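Asker: First the structure, then my questions, so here it is.
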Amino acid sequence: MVTVNENYLLLKSSYIFSEINRRVEEFQTRNPDADIIRMGIGDVTRPLPGAVVEAFHRAVDEMAGEETFRGYGPEQGYPFLREAIAENDYASRGVDVTPDEIFISDGAKCDTGNIQEIFGLDNVVAVTDPVYPVYVESNVMAGRTGPMDESGRYEGLVYLPCTEENDFIPPLPEEKVDLIYLCYPNNPTGTALTHKQLAEWVDYARDAGSIILFDAAYEAYIQEDNIPHSIYEIEGAREVAVEFRSFSKNAGFTGTRCAFTVVPEELEVPDSEGKMHALKDLWNRRQTTKFNGVSYPVQRAAEAVYTPEGQREIRESIDYYMENAKIIRESLEKAGLRYYGGVNAPYIWIRTPEGMDSWQFFDRLLNDAEVVGTPGVGFGPSGEGYFRLTAFNSLKNTVRAMERLSELSF
C-alpha cells in the first residue's frame, strides 16, 4: 500500500503567504472597491533592464536558426555566464572564486532548499529566528526534525533568536551544530552583519567543523562600506561556506528565474568513516542527476546584467527601491513606530505597537489602511511582535501607503 512521507505532515498547515492571501481575498470579497496596496511578498515591480531584454531577444532568435539552435546545455551553466559572474561579482572585489566553482540554477530558493539533500540526516541544523521559511521547512521535509512544539519551534533544530535585545545579531550556538543557515543582508529583518561579525561565524565554523550556508540574495542593496558583499571576503570562509546568489532582486528575474551557488574547491565533508569528500563534486552530482540546467536565453539575459548598460540599469532599480525604503523609514518614524533595516536591504522590520501581536497589526493595516504587509511570526517564534514591509512596490504606491499609515493612531 502506498504511504505518504510523514515528515510532510509535521509542517504547519499553511505557508505564511498562503494565509496572507486568504485574508486579503476575504477582505476584498467583503470590500470589492477596496484599493489594496501590497507590501508583503518580496516580489519586484520594475521591469527587466533594457540590456537584459535585448540579450533575451537575441538569444531567442538564435534558437530559431538551425545553425545557432541549442538543446540541452551544461547542467552547471554555460561558461560565458559563469566567467562573467567570477569576474564581476568576485574578482572585481578581490575575492577568489573560479568559474568551475559556480553552479547556475533557477533560483536561490531552490538551491537553499535542495542543498540539505547531500548532508546526513544526523547533522544538527542551526537557523536564525526569525528566518526565511524554506531553510526550516526543507529540513522538516527531509526528516531532520521532530514535530513543532507549542512555541512554534521544530524539535531537533537549533534556533538562534535575533531580536531588539541583541540588535538582530544571531548569537553563536551554545551547543555544537553542523549546518548553519545565515542570510545577510537579512530577510526578513533587513539588518546586516559587519565584516567583524561575519568573521566570528567563519571562525566558529572552522573550529567546530561546521558548514555555513550563506544566502547573499540581497547583497546588491548594501550601502555601507563595512558590510561584506560575499562571505568569501572573510579569511578562511572558502573552507567552511557555500554561498547562494540570485538575479531576482537585483535584476528583476523573479519571473525569469536565474541564480547561482558557489561551492569552493577547499570545502570537504567526511563520511561515517572519516573519509573526506569534495562538496563541490557532490553538489555537481546532485545537479546533474536532478536538474537539466537553466535555458540558454535566460543565461544570455543574465550575462547582460554585467554589461556597462546592464550595471547602470540595475543600479537605477536598486536606487529606486532604496528610495522607497527611505520613504517608509521616515514615515514610520513620524508615526512613532520603532523599525529596523531598510538601509542595506529592501526590507523594513517594524516593532508592532504595545499590546498588538503580528496578526493583529496585519489586520489593522489591512482593514483601516488597505495596506498588506507580512506578520513577523510567520518567519519564526522570535518574529512575534514584529511586522515586515517591503520596498519593492512602485514609488507612487509606497507614498500612498505611507500616507494612509500616517493617518492611523497607534
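Scheme for the C-alpha cells: letters A, B, ... for chains in order shown; per-chain residue numbers from 1; ligand numbers from 1 in order shown.
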Just the residues within 12 Å of region 19-26 of chain A, please, counting only C-alpha atoms, with nothing from its chain fewer than 6 positions along; format it as a tab-separated table (two decimals) with N, CA and C atoms, in the first residue's frame.
Answerer:
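Output file around_19.tsv follows:
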```
chain	number	residue	atom	x	y	z
A	12	LYS	N	3.51	23.03	9.29
A	12	LYS	CA	2.32	23.81	9.60
A	12	LYS	C	1.33	23.69	8.44
A	13	SER	N	0.06	23.82	8.76
A	13	SER	CA	-0.97	23.60	7.76
A	13	SER	C	-0.95	24.62	6.64
A	32	PRO	N	-15.35	45.00	-2.19
A	32	PRO	CA	-14.94	44.87	-3.60
A	32	PRO	C	-14.31	46.13	-4.18
A	34	ALA	N	-12.25	48.10	-2.53
A	34	ALA	CA	-11.03	48.43	-1.78
A	34	ALA	C	-9.82	48.53	-2.70
A	35	ASP	N	-8.99	49.53	-2.46
A	35	ASP	CA	-7.76	49.76	-3.23
A	35	ASP	C	-6.58	49.28	-2.40
A	36	ILE	N	-6.31	47.99	-2.48
A	36	ILE	CA	-5.31	47.38	-1.61
A	36	ILE	C	-3.91	47.57	-2.18
A	37	ILE	N	-3.00	48.03	-1.33
A	37	ILE	CA	-1.60	48.18	-1.72
A	37	ILE	C	-0.81	47.07	-1.04
A	38	ARG	N	-0.15	46.25	-1.84
A	38	ARG	CA	0.56	45.08	-1.31
A	38	ARG	C	2.04	45.39	-1.10
A	39	MET	N	2.45	45.27	0.15
A	39	MET	CA	3.85	45.48	0.51
A	39	MET	C	4.33	44.31	1.38
A	40	GLY	N	3.80	43.11	1.04
A	40	GLY	CA	4.11	41.93	1.83
A	40	GLY	C	5.13	41.03	1.17
A	41	ILE	N	4.73	40.36	0.09
A	41	ILE	CA	5.63	39.43	-0.59
A	41	ILE	C	6.77	40.20	-1.24
A	358	SER	N	1.51	40.26	15.86
A	358	SER	CA	1.80	40.41	14.43
A	358	SER	C	0.55	40.37	13.56
A	359	TRP	N	-0.32	39.38	13.83
A	359	TRP	CA	-1.51	39.26	13.01
A	359	TRP	C	-2.53	40.37	13.31
A	362	PHE	N	-1.36	43.20	11.29
A	362	PHE	CA	-1.69	42.91	9.90
A	362	PHE	C	-3.15	43.30	9.62
A	363	ASP	N	-4.05	42.83	10.48
A	363	ASP	CA	-5.48	43.11	10.29
A	363	ASP	C	-5.77	44.61	10.39
A	365	LEU	N	-3.74	47.15	9.61
A	365	LEU	CA	-3.31	47.83	8.38
A	365	LEU	C	-4.23	47.47	7.21
A	366	LEU	N	-4.63	46.21	7.12
A	366	LEU	CA	-5.49	45.80	6.02
A	366	LEU	C	-6.86	46.45	6.12
A	367	ASN	N	-7.47	46.41	7.28
A	367	ASN	CA	-8.84	46.91	7.43
A	367	ASN	C	-8.93	48.43	7.45
A	370	GLU	N	-5.91	49.56	4.16
A	370	GLU	CA	-5.89	48.78	2.93
A	370	GLU	C	-4.45	48.57	2.43
A	371	VAL	N	-3.56	48.31	3.39
A	371	VAL	CA	-2.15	48.04	3.12
A	371	VAL	C	-1.83	46.64	3.63
A	372	VAL	N	-1.11	45.86	2.83
A	372	VAL	CA	-0.76	44.49	3.20
A	372	VAL	C	0.74	44.39	3.45
A	373	GLY	N	1.10	43.82	4.60
A	373	GLY	CA	2.48	43.50	4.92
A	373	GLY	C	2.57	42.05	5.35
A	374	THR	N	3.65	41.69	6.02
A	374	THR	CA	3.84	40.29	6.43
A	374	THR	C	4.02	40.21	7.94
A	375	PRO	N	3.15	39.47	8.64
A	375	PRO	CA	3.32	39.29	10.09
A	375	PRO	C	4.64	38.60	10.42
A	376	GLY	N	5.38	39.17	11.35
A	376	GLY	CA	6.68	38.63	11.67
A	376	GLY	C	6.66	37.21	12.19
A	378	GLY	N	5.25	34.76	11.13
A	378	GLY	CA	5.34	33.80	10.04
A	378	GLY	C	6.76	33.39	9.71
```
Asker: A:Val399, A:Val124, A:Leu157, A:Val343: which is nearest Glu219 (chain A), counting only C-alpha atoms?
Answerer: A:Val343
Asker: Can you list, as a list in words, every protein, DNA or RNA residue that comes within 10 Å of Glu403 (chain A) when you count only C-alpha atoms, leaving out same-chain residues fewer than 4 positions away?
Answerer: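 Counting only the stated atoms, we get Ile328, Ser331, Ala369, Asn397, Thr398, Val399, Glu407 and Leu408 of chain A.
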Asker: From the DSSP assignment of the backbone, select every residue of region 45-198 of chain A that is helix (DSSP H, G or I), and format the answer as JSON, numbers by chain.
Answerer: {"A": [50, 51, 52, 53, 54, 55, 56, 57, 58, 59, 60, 61, 62, 63, 79, 80, 81, 82, 83, 84, 85, 86, 87, 88, 89, 90, 91, 92, 93, 99, 100, 101, 108, 109, 110, 111, 112, 113, 114, 115, 116, 117, 118, 133, 134, 135, 136, 137, 138, 139, 140, 141, 142, 164, 165, 166, 195, 196, 197, 198]}
Asker: With only C-alpha atoms as the counted atoms, please give the residues lying no more than 10 Å from region 251-259 of chain A, apart from itself and same-chain residues fewer than 4 positions off, as an mmCIF file with C-alpha atoms, in the first residue's frame.
Answerer:
```cif
data_model
loop_
_atom_site.group_PDB
_atom_site.id
_atom_site.type_symbol
_atom_site.label_atom_id
_atom_site.label_comp_id
_atom_site.auth_asym_id
_atom_site.auth_seq_id
_atom_site.Cartn_x
_atom_site.Cartn_y
_atom_site.Cartn_z
ATOM 1 C CA GLY A 42 9.152 40.376 -1.650
ATOM 2 C CA ASP A 43 8.464 40.433 -5.391
ATOM 3 C CA VAL A 44 9.939 43.186 -7.547
ATOM 4 C CA THR A 45 7.754 45.505 -9.618
ATOM 5 C CA ARG A 46 10.159 47.215 -12.044
ATOM 6 C CA PRO A 47 10.597 45.567 -15.466
ATOM 7 C CA LEU A 48 13.704 43.752 -16.645
ATOM 8 C CA PRO A 49 16.568 46.089 -17.619
ATOM 9 C CA VAL A 52 18.674 42.153 -20.381
ATOM 10 C CA PHE A 103 26.669 26.487 -10.473
ATOM 11 C CA ILE A 104 23.874 28.258 -12.379
ATOM 12 C CA SER A 105 20.344 27.439 -11.220
ATOM 13 C CA ASP A 106 16.736 28.566 -11.462
ATOM 14 C CA GLY A 107 16.594 30.201 -8.037
ATOM 15 C CA ALA A 108 18.338 30.679 -4.714
ATOM 16 C CA LYS A 109 15.185 29.400 -3.014
ATOM 17 C CA CYS A 110 15.572 26.113 -4.895
ATOM 18 C CA ASP A 111 19.264 25.818 -4.075
ATOM 19 C CA ALA A 217 20.474 37.223 -2.352
ATOM 20 C CA ALA A 220 23.314 44.343 -4.253
ATOM 21 C CA PHE A 244 23.889 31.476 -2.752
ATOM 22 C CA ARG A 245 23.170 34.419 -5.059
ATOM 23 C CA SER A 246 20.246 35.418 -7.250
ATOM 24 C CA PHE A 247 19.404 37.690 -10.179
ATOM 25 C CA GLY A 293 20.063 23.469 -16.327
ATOM 26 C CA VAL A 294 18.750 26.966 -16.982
ATOM 27 C CA SER A 295 17.696 27.755 -20.551
ATOM 28 C CA VAL A 298 17.803 33.120 -19.736
ATOM 29 C CA GLN A 299 21.545 32.681 -19.234
ATOM 30 C CA ALA A 301 19.912 37.545 -20.405
ATOM 31 C CA ALA A 302 21.698 37.128 -17.072
ATOM 32 C CA VAL A 305 23.437 42.160 -16.305
ATOM 33 C CA GLY A 310 23.075 46.444 -17.548
ATOM 34 C CA GLN A 311 25.019 47.580 -14.483
ATOM 35 C CA GLU A 313 20.143 49.964 -15.209
ATOM 36 C CA ILE A 314 20.158 47.637 -12.222
ATOM 37 C CA ARG A 315 21.783 50.374 -10.153
ATOM 38 C CA SER A 317 16.374 49.986 -9.950
ATOM 39 C CA ILE A 318 18.178 49.384 -6.671
#
```
Asker: Skipping near chain neighbours, those fewer than 3 positions away, what residues fall within 12 Å of Thr145 (chain A) using only C-alpha atoms, listed as a ChimeraX atom specification?
Answerer: /A:6-11,121-126,136-142,148-149,153-158
Asker: From the options A:Pro99, A:Asp357, A:Tyr321, A:Ser382, which residue's atoms come nearest to Lys396 (chain A), counting only C-alpha atoms?
Answerer: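 Nearest candidate to Lys396 (chain A) out of A:Pro99, A:Asp357, A:Tyr321, A:Ser382: A:Tyr321.
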Asker: Would you mind listing what lies within 6 Å of Ile348 (chain A) as JSON, numbers by chain, with only C-alpha atoms counted and same-chain residues fewer than 2 positions away left out?
Answerer: {"A": [190, 340, 341, 342, 388, 389]}
Asker: Select, from A:Cys162, A:Leu267, A:Val262, A:Ile234, the residue with the minimum atom-to-atom distance to Gly94 (chain A), counting only C-alpha atoms.
Answerer: A:Ile234
Asker: Do a neighbour search on Cys183 (chain A) at 10 Å with only C-alpha atoms, toss out local chain neighbours closer than 4 positions, and write the hits as number ranges by chain.
Answerer: A: 127-128, 131-132, 187-188, 190-193, 213-219, 243-244
Asker: With only C-alpha atoms as the atoms that count, which of A:Ser406, A:Ser210, A:Gln223, A:Thr352 lies nearest to Phe119 (chain A)?
Answerer: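 Checking each candidate against Phe119 (chain A), we get A:Ser210 as the closest.
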Asker: In terms of the shortest atom-to-atom distance over only C-alpha atoms, which of A:Val242, A:Ala64, A:Leu182, A:Ile231 is closest to Leu279 (chain A)?
Answerer: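 Of A:Val242, A:Ala64, A:Leu182, A:Ile231, the one nearest Leu279 (chain A) is A:Val242, counting only C-alpha atoms.
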Asker: For Pro346 (chain A), which residue among A:Phe379, A:Ala208, A:Pro185, A:Ser272 is the nearest when counting only C-alpha atoms?
Answerer: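 Residue with the minimum atom-to-atom distance to Pro346 (chain A): A:Pro185.
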Asker: To test your reading of the structure, identify every residue in region 195-279 of chain A that backbone DSSP assigns to strand (DSSP E), and report it as number ranges by chain.
Answerer: A: 211-215, 241-246, 259-262, 268-270, 276-278
Asker: What does the distance between CA of Pro161 (chain A) and CA of Met322 (chain A) come to in Å, to one decimal place?
Answerer: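 A separation of 26.7 Å between them.
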Asker: Just to confirm, what's the straight-line distance from CA of Ala91 (chain A) to CA of Gly236 (chain A) in Å (one decimal)?
Answerer: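 Rounded to one decimal, the two atoms are 16.8 Å apart.
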Asker: Could you state the separation of CA of Val263 (chain A) and CA of Glu87 (chain A) in Å, given to one decimal place?
Answerer: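 Taking CA of Val263 (chain A) as the start and CA of Glu87 (chain A) as the end point, the length is 16.0 Å.
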